>>> print(open('my_file.txt').read())   # compact mmCIF, C-alpha atoms and all ligand atoms
# COMPACT_ATOMS: atom_id res chain seq x y z
CA MET C 1 -2.15 18.38 1.49
CA GLY C 2 -2.37 14.99 -0.18
CA VAL C 3 -5.32 12.72 0.49
CA ASP C 4 -5.39 9.09 -0.68
CA ILE C 5 -8.89 7.65 -0.52
CA GLY C 6 -8.51 3.91 -0.94
CA SER C 7 -10.93 1.03 -0.88
CA ALA C 8 -9.83 -0.08 2.59
CA ALA C 9 -8.26 3.00 4.19
CA SER C 10 -8.03 6.79 3.92
CA LYS C 11 -4.68 8.49 4.26
CA CYS C 12 -3.63 12.13 4.54
CA VAL C 13 -0.20 13.81 4.48
CA ILE C 14 0.45 17.53 5.09
CA LEU C 15 3.76 18.74 3.66
CA LYS C 16 5.57 21.95 4.46
CA ASN C 17 8.09 23.29 1.93
CA GLY C 18 7.52 20.18 -0.20
CA ARG C 19 9.73 18.29 2.22
CA ASP C 20 8.68 18.12 5.85
CA THR C 21 5.68 16.06 6.91
CA VAL C 22 3.98 18.17 9.59
CA GLY C 23 0.92 15.97 9.99
CA SER C 24 -0.35 12.65 8.71
CA ALA C 25 -3.02 10.07 9.41
CA ALA C 26 -4.26 6.70 8.18
CA VAL C 27 -7.80 5.65 9.05
CA PRO C 28 -8.90 2.06 8.30
CA LEU C 29 -12.05 3.17 6.48
CA GLY C 30 -12.10 3.76 2.75
CA THR C 31 -14.16 5.55 0.15
CA GLY C 32 -17.83 6.15 0.89
CA THR C 33 -17.29 6.20 4.67
CA SER C 34 -16.34 8.81 7.26
CA GLY C 35 -12.70 7.70 6.75
CA PRO C 36 -11.56 10.43 4.34
CA GLY C 37 -12.95 13.26 6.52
CA ARG C 38 -11.46 11.69 9.63
CA ALA C 39 -8.03 11.25 8.03
CA VAL C 40 -8.03 14.92 6.96
CA GLU C 41 -9.20 16.18 10.39
CA THR C 42 -6.69 14.02 12.28
CA ALA C 43 -3.75 15.08 10.08
CA LEU C 44 -4.74 18.76 10.48
CA GLU C 45 -5.07 18.36 14.24
CA ARG C 46 -1.63 16.72 14.47
CA ALA C 47 -0.16 19.58 12.42
CA GLY C 48 -1.98 22.19 14.53
CA LEU C 49 -3.44 23.65 11.32
CA GLY C 50 -6.85 24.25 9.76
CA ARG C 51 -8.24 23.46 6.33
CA ALA C 52 -7.86 27.15 5.36
CA ASP C 53 -4.10 26.89 5.94
CA MET C 54 -3.73 24.40 3.09
CA ALA C 55 -2.34 26.09 -0.03
CA VAL C 56 -3.29 23.23 -2.36
CA THR C 57 -5.13 19.96 -1.71
CA VAL C 58 -4.73 17.02 -4.08
CA ALA C 59 -6.82 13.85 -3.91
CA THR C 60 -5.82 10.43 -5.20
CA GLY C 61 -6.93 6.81 -4.82
CA TYR C 62 -10.01 4.88 -5.79
CA GLY C 63 -12.33 7.50 -4.22
CA ARG C 64 -10.37 10.56 -5.33
CA ASN C 65 -13.33 12.21 -7.03
CA SER C 66 -15.33 12.28 -3.80
CA LEU C 67 -13.20 14.62 -1.68
CA PRO C 68 -14.89 17.98 -1.04
CA GLY C 69 -12.50 20.91 -1.40
CA ALA C 70 -9.83 19.11 -3.44
CA ASP C 71 -8.13 21.44 -5.94
CA PHE C 72 -7.42 18.61 -8.36
CA THR C 73 -6.94 14.85 -8.55
CA VAL C 74 -3.98 12.73 -9.68
CA SER C 75 -4.05 9.00 -10.49
CA GLU C 76 -2.87 6.57 -7.81
CA LEU C 77 -0.20 5.24 -10.16
CA SER C 78 1.43 8.65 -10.58
CA CYS C 79 1.18 9.36 -6.84
CA HIS C 80 2.74 6.04 -5.86
CA ALA C 81 5.51 6.63 -8.39
CA ALA C 82 6.16 10.15 -7.05
CA GLY C 83 6.07 9.02 -3.41
CA ALA C 84 8.46 6.12 -4.01
CA HIS C 85 10.83 8.33 -6.03
CA ALA C 86 10.95 10.86 -3.18
CA PHE C 87 11.67 8.04 -0.73
CA LEU C 88 14.40 6.42 -2.87
CA PRO C 89 15.38 8.44 -5.96
CA GLU C 90 17.24 5.49 -7.55
CA ALA C 91 14.18 3.20 -7.29
CA GLY C 92 13.42 1.41 -10.56
CA THR C 93 10.32 -0.62 -9.71
CA VAL C 94 7.54 -0.12 -7.16
CA VAL C 95 5.10 -2.74 -5.97
CA ASP C 96 2.05 -1.43 -4.14
CA ILE C 97 -0.34 -3.80 -2.40
CA GLY C 98 -3.48 -2.15 -1.12
CA GLY C 99 -6.83 -3.24 0.18
CA GLN C 100 -8.26 -4.51 -3.06
CA ASP C 101 -5.64 -4.17 -5.73
CA CYS C 102 -1.99 -4.73 -6.42
CA LYS C 103 0.16 -2.76 -8.83
CA ALA C 104 3.70 -2.99 -10.13
CA ILE C 105 5.11 0.25 -11.50
CA ARG C 106 8.26 0.93 -13.52
CA LEU C 107 9.71 4.32 -12.71
CA ALA C 108 11.32 6.72 -15.15
CA PRO C 109 14.54 8.33 -13.85
CA ASP C 110 12.59 11.50 -12.90
CA GLY C 111 10.02 9.52 -10.91
CA GLY C 112 7.42 9.54 -13.68
CA LEU C 113 5.55 6.46 -14.85
CA GLU C 114 7.33 4.32 -17.37
CA GLY C 115 4.91 1.41 -17.24
CA PHE C 116 2.61 -0.48 -14.94
CA VAL C 117 0.75 -3.75 -14.48
CA MET C 118 -2.24 -3.96 -12.21
CA ASN C 119 -4.52 -6.58 -10.68
CA ASP C 120 -7.78 -4.95 -9.67
CA LYS C 121 -10.08 -7.71 -10.86
CA CYS C 122 -9.60 -10.22 -8.09
CA ALA C 123 -8.81 -10.23 -4.37
CA ALA C 124 -5.97 -12.77 -4.63
CA GLY C 125 -2.75 -11.32 -3.28
CA THR C 126 -4.35 -8.12 -1.99
CA GLY C 127 -5.02 -6.80 1.52
CA ARG C 128 -8.50 -8.27 1.29
CA PHE C 129 -7.05 -11.76 0.78
CA LEU C 130 -4.97 -11.33 3.96
CA GLU C 131 -7.96 -9.94 5.87
CA VAL C 132 -10.12 -12.94 4.91
CA MET C 133 -7.38 -15.34 6.05
CA ALA C 134 -6.75 -13.41 9.28
CA ARG C 135 -10.45 -13.62 10.13
CA VAL C 136 -10.48 -17.40 9.71
CA LEU C 137 -7.46 -17.57 12.04
CA GLU C 138 -9.19 -15.21 14.53
CA LEU C 139 -6.35 -12.72 14.19
CA ASP C 140 -5.97 -9.14 13.04
CA VAL C 141 -3.91 -8.55 9.88
CA SER C 142 -1.40 -6.66 12.01
CA GLN C 143 -0.67 -9.89 13.96
CA LEU C 144 0.09 -12.13 10.98
CA ALA C 145 3.80 -11.29 10.65
CA ASP C 146 4.62 -11.89 14.31
CA ARG C 147 2.64 -15.12 14.43
CA SER C 148 4.60 -16.58 11.51
CA ARG C 149 8.04 -15.21 12.37
CA ASP C 150 9.43 -18.52 13.62
CA ALA C 151 7.86 -20.72 10.95
CA GLU C 152 10.36 -23.18 9.51
CA ARG C 153 8.35 -23.90 6.39
CA ALA C 154 5.41 -22.47 4.48
CA VAL C 155 2.33 -24.62 4.01
CA GLU C 156 1.48 -24.81 0.30
CA ILE C 157 -1.79 -23.03 -0.51
CA SER C 158 -2.71 -24.44 -3.91
CA SER C 159 -5.78 -22.28 -4.71
CA THR C 160 -5.22 -18.79 -6.04
CA CYS C 161 -8.86 -17.78 -5.64
CA THR C 162 -9.52 -16.17 -2.24
CA VAL C 163 -12.71 -18.13 -1.65
CA PHE C 164 -11.11 -21.50 -2.40
CA ALA C 165 -7.93 -20.57 -0.52
CA GLU C 166 -10.10 -19.71 2.50
CA SER C 167 -11.65 -23.20 2.39
CA GLU C 168 -8.16 -24.68 2.09
CA VAL C 169 -6.99 -22.76 5.18
CA ILE C 170 -10.08 -23.88 7.10
CA SER C 171 -9.43 -27.52 6.25
CA ARG C 172 -5.73 -27.19 7.20
CA LEU C 173 -6.83 -25.72 10.54
CA SER C 174 -9.05 -28.71 11.18
CA GLU C 175 -6.00 -30.94 10.53
CA ASN C 176 -4.17 -29.07 13.31
CA THR C 177 -1.57 -27.61 10.95
CA ASP C 178 0.94 -25.31 12.64
CA ILE C 179 -0.54 -21.78 12.55
CA GLY C 180 2.80 -20.09 11.89
CA GLU C 181 3.51 -22.34 8.91
CA LEU C 182 -0.01 -21.82 7.63
CA ILE C 183 0.41 -18.02 7.82
CA ALA C 184 3.79 -18.33 6.10
CA GLY C 185 1.96 -20.15 3.29
CA ILE C 186 -0.64 -17.36 3.12
CA HIS C 187 2.15 -14.75 2.89
CA LYS C 188 3.89 -16.79 0.21
CA SER C 189 0.71 -17.04 -1.82
CA ALA C 190 0.14 -13.24 -1.67
CA ALA C 191 3.80 -12.57 -2.47
CA ALA C 192 3.75 -14.93 -5.46
CA ARG C 193 0.90 -12.93 -7.01
CA ALA C 194 2.70 -9.63 -6.47
CA ALA C 195 5.98 -11.09 -7.78
CA GLY C 196 4.18 -12.14 -10.96
CA LEU C 197 3.14 -8.52 -11.58
CA VAL C 198 6.68 -7.28 -10.85
CA ARG C 199 8.12 -9.74 -13.38
CA ARG C 200 5.58 -8.67 -16.00
CA VAL C 201 6.37 -4.97 -15.61
CA GLY C 202 10.10 -5.73 -15.36
CA LEU C 203 12.15 -5.75 -12.17
CA VAL C 204 14.65 -2.90 -12.06
CA GLU C 205 16.37 -2.69 -8.69
CA PRO C 206 16.19 -1.12 -6.24
CA LEU C 207 12.65 -2.32 -5.64
CA VAL C 208 10.35 -0.34 -3.35
CA MET C 209 7.29 -1.85 -1.70
CA THR C 210 4.41 0.41 -0.63
CA GLY C 211 0.78 0.17 0.50
CA GLY C 212 -0.79 -1.06 3.71
CA VAL C 213 0.30 -4.65 3.10
CA ALA C 214 3.95 -3.55 3.25
CA LEU C 215 3.32 -3.12 7.00
CA ASN C 216 3.30 -6.91 7.10
CA ARG C 217 6.97 -7.90 7.31
CA GLY C 218 6.05 -11.50 6.52
CA VAL C 219 4.73 -10.54 3.07
CA VAL C 220 7.76 -8.28 2.45
CA ALA C 221 10.14 -11.14 3.31
CA ALA C 222 8.16 -13.61 1.17
CA LEU C 223 8.27 -11.19 -1.77
CA GLU C 224 12.01 -10.73 -1.36
CA LYS C 225 12.41 -14.50 -1.43
CA GLU C 226 10.21 -14.87 -4.53
CA LEU C 227 12.12 -12.19 -6.44
CA GLY C 228 15.57 -12.88 -5.03
CA CYS C 229 16.19 -9.22 -4.17
CA ARG C 230 15.68 -6.79 -1.32
CA ALA C 231 12.55 -4.63 -1.13
CA ALA C 232 13.01 -1.18 0.41
CA VAL C 233 9.98 -0.17 2.49
CA PRO C 234 9.37 3.46 3.48
CA GLU C 235 8.84 4.16 7.18
CA ALA C 236 5.12 4.67 6.58
CA PRO C 237 4.41 2.60 3.43
CA GLN C 238 0.64 3.07 3.67
CA LEU C 239 1.08 6.86 3.37
CA ASN C 240 3.07 6.64 0.12
CA GLY C 241 0.17 7.52 -2.20
CA ALA C 242 -0.89 10.46 -0.01
CA MET C 243 2.74 11.59 0.08
CA GLY C 244 2.84 11.51 -3.73
CA ALA C 245 -0.39 13.55 -3.84
CA ALA C 246 1.10 16.09 -1.40
CA LEU C 247 4.16 16.35 -3.64
CA PHE C 248 1.92 17.10 -6.64
CA ALA C 249 0.18 19.75 -4.50
CA TRP C 250 3.55 21.29 -3.66
CA LYS C 251 4.64 21.28 -7.33
CA SER C 252 1.46 23.05 -8.38
CA PHE C 253 1.79 25.60 -5.54
CA LYS C 254 5.39 26.32 -6.53
CA LYS C 255 4.51 26.67 -10.21
CA ASP C 256 1.68 29.14 -9.44
CA ARG C 257 3.97 31.14 -7.18
CA GLU C 258 6.72 31.29 -9.79
CA GLU C 259 4.25 32.38 -12.44
CA GLY C 260 3.11 35.10 -10.05
P1 LIG L 1 -6.19 1.04 -0.11
O1 LIG L 1 -5.37 2.24 -0.54
O2 LIG L 1 -6.58 0.15 -1.23
O3 LIG L 1 -7.31 1.40 0.78
P2 LIG L 1 -3.98 0.47 1.73
O4 LIG L 1 -2.72 0.66 0.96
O5 LIG L 1 -4.37 1.52 2.69
O6 LIG L 1 -5.18 0.14 0.74
O7 LIG L 1 -3.84 -0.94 2.47
C1 LIG L 1 -4.91 -1.50 3.17
C2 LIG L 1 -4.53 -2.90 3.57
O8 LIG L 1 -3.36 -2.87 4.37
C3 LIG L 1 -5.55 -3.60 4.40
O9 LIG L 1 -6.41 -4.35 3.58
C4 LIG L 1 -4.74 -4.52 5.31
O10 LIG L 1 -4.67 -5.81 4.75
C5 LIG L 1 -3.35 -3.94 5.27
N1 LIG L 1 -2.92 -3.41 6.58
C6 LIG L 1 -3.33 -2.26 7.17
N2 LIG L 1 -2.73 -2.08 8.36
C7 LIG L 1 -1.91 -3.15 8.54
C8 LIG L 1 -1.01 -3.55 9.58
N3 LIG L 1 -0.82 -2.83 10.69
N4 LIG L 1 -0.33 -4.71 9.39
C9 LIG L 1 -0.50 -5.45 8.29
N5 LIG L 1 -1.33 -5.13 7.29
C10 LIG L 1 -2.04 -4.00 7.40
>>> encode(input="my_file.txt", output="structure tokens")
Amino acid sequence: MGVDIGSAASKCVILKNGRDTVGSAAVPLGTGTSGPGRAVETALERAGLGRADMAVTVATGYGRNSLPGADFTVSELSCHAAGAHAFLPEAGTVVDIGGQDCKAIRLAPDGGLEGFVMNDKCAAGTGRFLEVMARVLELDVSQLADRSRDAERAVEISSTCTVFAESEVISRLSENTDIGELIAGIHKSAAARAAGLVRRVGLVEPLVMTGGVALNRGVVAALEKELGCRAAVPEAPQLNGAMGAALFAWKSFKKDREEG
């Protein structure tokens, strides 16, 4: 079992044979809440298994040290690298945008970490930035992509800072700016921040995008435009860190078994 306790959401993946996902869950509540316990219980329920059936449990994410019953913890960076490598073994660079941070990771050929750049000091370009903007627009983050799908242009958001950008969006709204074009501008602003990190770490294609924000096709498309390349997104991008943790659990189980 791999459990990724993030700042915004808790995710759990149960792997059988190191390959088949038999249960998973993502709960939009992060560390310090009932989210981690709920993600674990839901994934177990979906798998038709109990906690005692888990051979090894690995925790990752911002709140990784708070999971009762975890056998060990692994850093988010290593878990995102391992998850992305399992999804696309040729992947060279991973960009992960979560609730309150954004990371760009360079992968070694075996899926290990070759380098990384991270923004965890400011909300700009993170899930929180998108949540703040969605609230001003009276939308849920999950609606942003659809509402901007037909936008013909992106409104320029000149402030990087989330607080100033929020004021900018509010004043654009009062000028009756087209909502779709405004959202396209918000996506572009988030993507520009992430693209900056990717350039700093070094873009080696294929590029994989993970994290909850990768569920927003508008941000994925804006990032592809910024970088001039395609971004491969796993079917469940938000589960990528938990998947990596489950893979570390499997590796440790296999090693123990081989050593008898
Ligand atoms: P963390 O690991 O930091 O908790 P996640 O990778 O779980 O973060 O991503 C959480 C973020 O994903 C939220 O802040 C939100 O902006 C975004 N998100 C979650 N669900 C959706 C969705 N259905 N559509 C678009 N964005 C989403």
>>> residues_near_ligand(input="my_file.txt", ligand="ligand LIG 1 (chain L)", cutoff="9 Å", atoms="only C-alpha atoms and all ligand atoms", output="number ranges by chain")
C: 4-11, 26-31, 61-62, 76, 96-102, 126-132, 140-145, 210-217, 219, 237-241
>>> write_last_selection(input="my_file.txt", atoms="C-alpha atoms", output="PDB file, in the coordinates of the input")
ATOM      1  CA  ASP C   4      -5.390   9.090  -0.680  1.00  0.00           C
ATOM      2  CA  ILE C   5      -8.890   7.650  -0.520  1.00  0.00           C
ATOM      3  CA  GLY C   6      -8.510   3.910  -0.940  1.00  0.00           C
ATOM      4  CA  SER C   7     -10.930   1.030  -0.880  1.00  0.00           C
ATOM      5  CA  ALA C   8      -9.830  -0.080   2.590  1.00  0.00           C
ATOM      6  CA  ALA C   9      -8.260   3.000   4.190  1.00  0.00           C
ATOM      7  CA  SER C  10      -8.030   6.790   3.920  1.00  0.00           C
ATOM      8  CA  LYS C  11      -4.680   8.490   4.260  1.00  0.00           C
ATOM      9  CA  ALA C  26      -4.260   6.700   8.180  1.00  0.00           C
ATOM     10  CA  VAL C  27      -7.800   5.650   9.050  1.00  0.00           C
ATOM     11  CA  PRO C  28      -8.900   2.060   8.300  1.00  0.00           C
ATOM     12  CA  LEU C  29     -12.050   3.170   6.480  1.00  0.00           C
ATOM     13  CA  GLY C  30     -12.100   3.760   2.750  1.00  0.00           C
ATOM     14  CA  THR C  31     -14.160   5.550   0.150  1.00  0.00           C
ATOM     15  CA  GLY C  61      -6.930   6.810  -4.820  1.00  0.00           C
ATOM     16  CA  TYR C  62     -10.010   4.880  -5.790  1.00  0.00           C
ATOM     17  CA  GLU C  76      -2.870   6.570  -7.810  1.00  0.00           C
ATOM     18  CA  ASP C  96       2.050  -1.430  -4.140  1.00  0.00           C
ATOM     19  CA  ILE C  97      -0.340  -3.800  -2.400  1.00  0.00           C
ATOM     20  CA  GLY C  98      -3.480  -2.150  -1.120  1.00  0.00           C
ATOM     21  CA  GLY C  99      -6.830  -3.240   0.180  1.00  0.00           C
ATOM     22  CA  GLN C 100      -8.260  -4.510  -3.060  1.00  0.00           C
ATOM     23  CA  ASP C 101      -5.640  -4.170  -5.730  1.00  0.00           C
ATOM     24  CA  CYS C 102      -1.990  -4.730  -6.420  1.00  0.00           C
ATOM     25  CA  THR C 126      -4.350  -8.120  -1.990  1.00  0.00           C
ATOM     26  CA  GLY C 127      -5.020  -6.800   1.520  1.00  0.00           C
ATOM     27  CA  ARG C 128      -8.500  -8.270   1.290  1.00  0.00           C
ATOM     28  CA  PHE C 129      -7.050 -11.760   0.780  1.00  0.00           C
ATOM     29  CA  LEU C 130      -4.970 -11.330   3.960  1.00  0.00           C
ATOM     30  CA  GLU C 131      -7.960  -9.940   5.870  1.00  0.00           C
ATOM     31  CA  VAL C 132     -10.120 -12.940   4.910  1.00  0.00           C
ATOM     32  CA  ASP C 140      -5.970  -9.140  13.040  1.00  0.00           C
ATOM     33  CA  VAL C 141      -3.910  -8.550   9.880  1.00  0.00           C
ATOM     34  CA  SER C 142      -1.400  -6.660  12.010  1.00  0.00           C
ATOM     35  CA  GLN C 143      -0.670  -9.890  13.960  1.00  0.00           C
ATOM     36  CA  LEU C 144       0.090 -12.130  10.980  1.00  0.00           C
ATOM     37  CA  ALA C 145       3.800 -11.290  10.650  1.00  0.00           C
ATOM     38  CA  THR C 210       4.410   0.410  -0.630  1.00  0.00           C
ATOM     39  CA  GLY C 211       0.780   0.170   0.500  1.00  0.00           C
ATOM     40  CA  GLY C 212      -0.790  -1.060   3.710  1.00  0.00           C
ATOM     41  CA  VAL C 213       0.300  -4.650   3.100  1.00  0.00           C
ATOM     42  CA  ALA C 214       3.950  -3.550   3.250  1.00  0.00           C
ATOM     43  CA  LEU C 215       3.320  -3.120   7.000  1.00  0.00           C
ATOM     44  CA  ASN C 216       3.300  -6.910   7.100  1.00  0.00           C
ATOM     45  CA  ARG C 217       6.970  -7.900   7.310  1.00  0.00           C
ATOM     46  CA  VAL C 219       4.730 -10.540   3.070  1.00  0.00           C
ATOM     47  CA  PRO C 237       4.410   2.600   3.430  1.00  0.00           C
ATOM     48  CA  GLN C 238       0.640   3.070   3.670  1.00  0.00           C
ATOM     49  CA  LEU C 239       1.080   6.860   3.370  1.00  0.00           C
ATOM     50  CA  ASN C 240       3.070   6.640   0.120  1.00  0.00           C
ATOM     51  CA  GLY C 241       0.170   7.520  -2.200  1.00  0.00           C
TER      52      GLY C 241
END
>>> residues_around(input="my_file.txt", residues="stretch 172-187 of chain C", least_positions_apart="4", cutoff="7 Å", atoms="all atoms listed in the file", output="VMD selection string")
chain C and resid 144 147 to 148 151 to 157 168 191 218 to 219 222
>>> atom_distance(input="my_file.txt", atom1="atom CA of C:Val201", atom2="atom CA of C:Gly115")
6.7 Å
>>> atom_distance(input="my_file.txt", atom1="atom CA of C:Arg200", atom2="atom CA of C:Val95")
11.7 Å
>>> closest_atom_pairs(input="my_file.txt", of="stretch 172-237 of chain C", to="stretch 104-107 of chain C", cutoff="12 Å", atoms="only C-alpha atoms", output="JSON lines")
{"residue": "C:Arg193", "atom": "CA", "partner": "C:Ala104", "partner_atom": "CA", "distance": 10.8}
{"residue": "C:Ala194", "atom": "CA", "partner": "C:Ala104", "partner_atom": "CA", "distance": 7.6}
{"residue": "C:Ala195", "atom": "CA", "partner": "C:Ala104", "partner_atom": "CA", "distance": 8.7}
{"residue": "C:Gly196", "atom": "CA", "partner": "C:Ala104", "partner_atom": "CA", "distance": 9.2}
{"residue": "C:Leu197", "atom": "CA", "partner": "C:Ala104", "partner_atom": "CA", "distance": 5.7}
{"residue": "C:Val198", "atom": "CA", "partner": "C:Ala104", "partner_atom": "CA", "distance": 5.3}
{"residue": "C:Arg199", "atom": "CA", "partner": "C:Ala104", "partner_atom": "CA", "distance": 8.7}
{"residue": "C:Arg200", "atom": "CA", "partner": "C:Ala104", "partner_atom": "CA", "distance": 8.4}
{"residue": "C:Val201", "atom": "CA", "partner": "C:Ala104", "partner_atom": "CA", "distance": 6.4}
{"residue": "C:Gly202", "atom": "CA", "partner": "C:Arg106", "partner_atom": "CA", "distance": 7.2}
{"residue": "C:Leu203", "atom": "CA", "partner": "C:Arg106", "partner_atom": "CA", "distance": 7.8}
{"residue": "C:Val204", "atom": "CA", "partner": "C:Arg106", "partner_atom": "CA", "distance": 7.6}
{"residue": "C:Glu205", "atom": "CA", "partner": "C:Arg106", "partner_atom": "CA", "distance": 10.1}
{"residue": "C:Pro206", "atom": "CA", "partner": "C:Leu107", "partner_atom": "CA", "distance": 10.7}
{"residue": "C:Leu207", "atom": "CA", "partner": "C:Arg106", "partner_atom": "CA", "distance": 9.6}
{"residue": "C:Val208", "atom": "CA", "partner": "C:Ile105", "partner_atom": "CA", "distance": 9.7}
{"residue": "C:Met209", "atom": "CA", "partner": "C:Ala104", "partner_atom": "CA", "distance": 9.2}
{"residue": "C:Thr210", "atom": "CA", "partner": "C:Ala104", "partner_atom": "CA", "distance": 10.1}
{"residue": "C:Gly211", "atom": "CA", "partner": "C:Ala104", "partner_atom": "CA", "distance": 11.5}
>>> write_last_selection(input="my_file.txt", atoms="C-alpha atoms", output="PDB file, in the frame of the given file")
ATOM      1  CA  ARG C 193       0.900 -12.930  -7.010  1.00  0.00           C
ATOM      2  CA  ALA C 194       2.700  -9.630  -6.470  1.00  0.00           C
ATOM      3  CA  ALA C 195       5.980 -11.090  -7.780  1.00  0.00           C
ATOM      4  CA  GLY C 196       4.180 -12.140 -10.960  1.00  0.00           C
ATOM      5  CA  LEU C 197       3.140  -8.520 -11.580  1.00  0.00           C
ATOM      6  CA  VAL C 198       6.680  -7.280 -10.850  1.00  0.00           C
ATOM      7  CA  ARG C 199       8.120  -9.740 -13.380  1.00  0.00           C
ATOM      8  CA  ARG C 200       5.580  -8.670 -16.000  1.00  0.00           C
ATOM      9  CA  VAL C 201       6.370  -4.970 -15.610  1.00  0.00           C
ATOM     10  CA  GLY C 202      10.100  -5.730 -15.360  1.00  0.00           C
ATOM     11  CA  LEU C 203      12.150  -5.750 -12.170  1.00  0.00           C
ATOM     12  CA  VAL C 204      14.650  -2.900 -12.060  1.00  0.00           C
ATOM     13  CA  GLU C 205      16.370  -2.690  -8.690  1.00  0.00           C
ATOM     14  CA  PRO C 206      16.190  -1.120  -6.240  1.00  0.00           C
ATOM     15  CA  LEU C 207      12.650  -2.320  -5.640  1.00  0.00           C
ATOM     16  CA  VAL C 208      10.350  -0.340  -3.350  1.00  0.00           C
ATOM     17  CA  MET C 209       7.290  -1.850  -1.700  1.00  0.00           C
ATOM     18  CA  THR C 210       4.410   0.410  -0.630  1.00  0.00           C
ATOM     19  CA  GLY C 211       0.780   0.170   0.500  1.00  0.00           C
TER      20      GLY C 211
END
>>> axis_aligned_box(input="my_file.txt", around="stretch 158-167 of chain C", padding_each_side="5 Å", output="lines of an AutoDock Vina configuration file")
center_x = -7.7
center_y = -20.3
center_z = -1.8
size_x = 20.0
size_y = 18.3
size_z = 18.5
>>> atom_distance(input="my_file.txt", atom1="atom CA of C:Asp150", atom2="atom CA of C:Phe164")
26.2 Å
>>> closest_residue(input="my_file.txt", among="C:Met243, C:Val220, C:Leu113, C:Ala25", to="C:Thr60", atoms="all atoms listed in the file")
C:Met243
>>> residues_near_point(input="my_file.txt", point="(0.4, 17.8, 6.7)", cutoff="8 Å", atoms="only C-alpha atoms", output="list in words")
Met1, Gly2, Cys12, Val13, Ile14, Leu15, Lys16, Thr21, Val22, Gly23, Ser24, Ala43, Leu44 and Ala47 of chain C
>>> write_last_selection(input="my_file.txt", atoms="C-alpha atoms", output="PDB file, in the frame of the given file")
ATOM      1  CA  MET C   1      -2.150  18.380   1.490  1.00  0.00           C
ATOM      2  CA  GLY C   2      -2.370  14.990  -0.180  1.00  0.00           C
ATOM      3  CA  CYS C  12      -3.630  12.130   4.540  1.00  0.00           C
ATOM      4  CA  VAL C  13      -0.200  13.810   4.480  1.00  0.00           C
ATOM      5  CA  ILE C  14       0.450  17.530   5.090  1.00  0.00           C
ATOM      6  CA  LEU C  15       3.760  18.740   3.660  1.00  0.00           C
ATOM      7  CA  LYS C  16       5.570  21.950   4.460  1.00  0.00           C
ATOM      8  CA  THR C  21       5.680  16.060   6.910  1.00  0.00           C
ATOM      9  CA  VAL C  22       3.980  18.170   9.590  1.00  0.00           C
ATOM     10  CA  GLY C  23       0.920  15.970   9.990  1.00  0.00           C
ATOM     11  CA  SER C  24      -0.350  12.650   8.710  1.00  0.00           C
ATOM     12  CA  ALA C  43      -3.750  15.080  10.080  1.00  0.00           C
ATOM     13  CA  LEU C  44      -4.740  18.760  10.480  1.00  0.00           C
ATOM     14  CA  ALA C  47      -0.160  19.580  12.420  1.00  0.00           C
TER      15      ALA C  47
END
>>> closest_residue(input="my_file.txt", among="C:Lys254, C:Arg38, C:Arg64, C:Arg135", to="C:Cys79", atoms="only C-alpha atoms")
C:Arg64
>>> residues_around(input="my_file.txt", residues="C:Gly112", least_positions_apart="6", cutoff="8 Å", atoms="all atoms listed in the file", output="ChimeraX atom specification")
/C:78,81-82
>>> write_last_selection(input="my_file.txt", atoms="C-alpha atoms", output="PDB file, keeping the file's coordinate frame")
ATOM      1  CA  SER C  78       1.430   8.650 -10.580  1.00  0.00           C
ATOM      2  CA  ALA C  81       5.510   6.630  -8.390  1.00  0.00           C
ATOM      3  CA  ALA C  82       6.160  10.150  -7.050  1.00  0.00           C
TER       4      ALA C  82
END
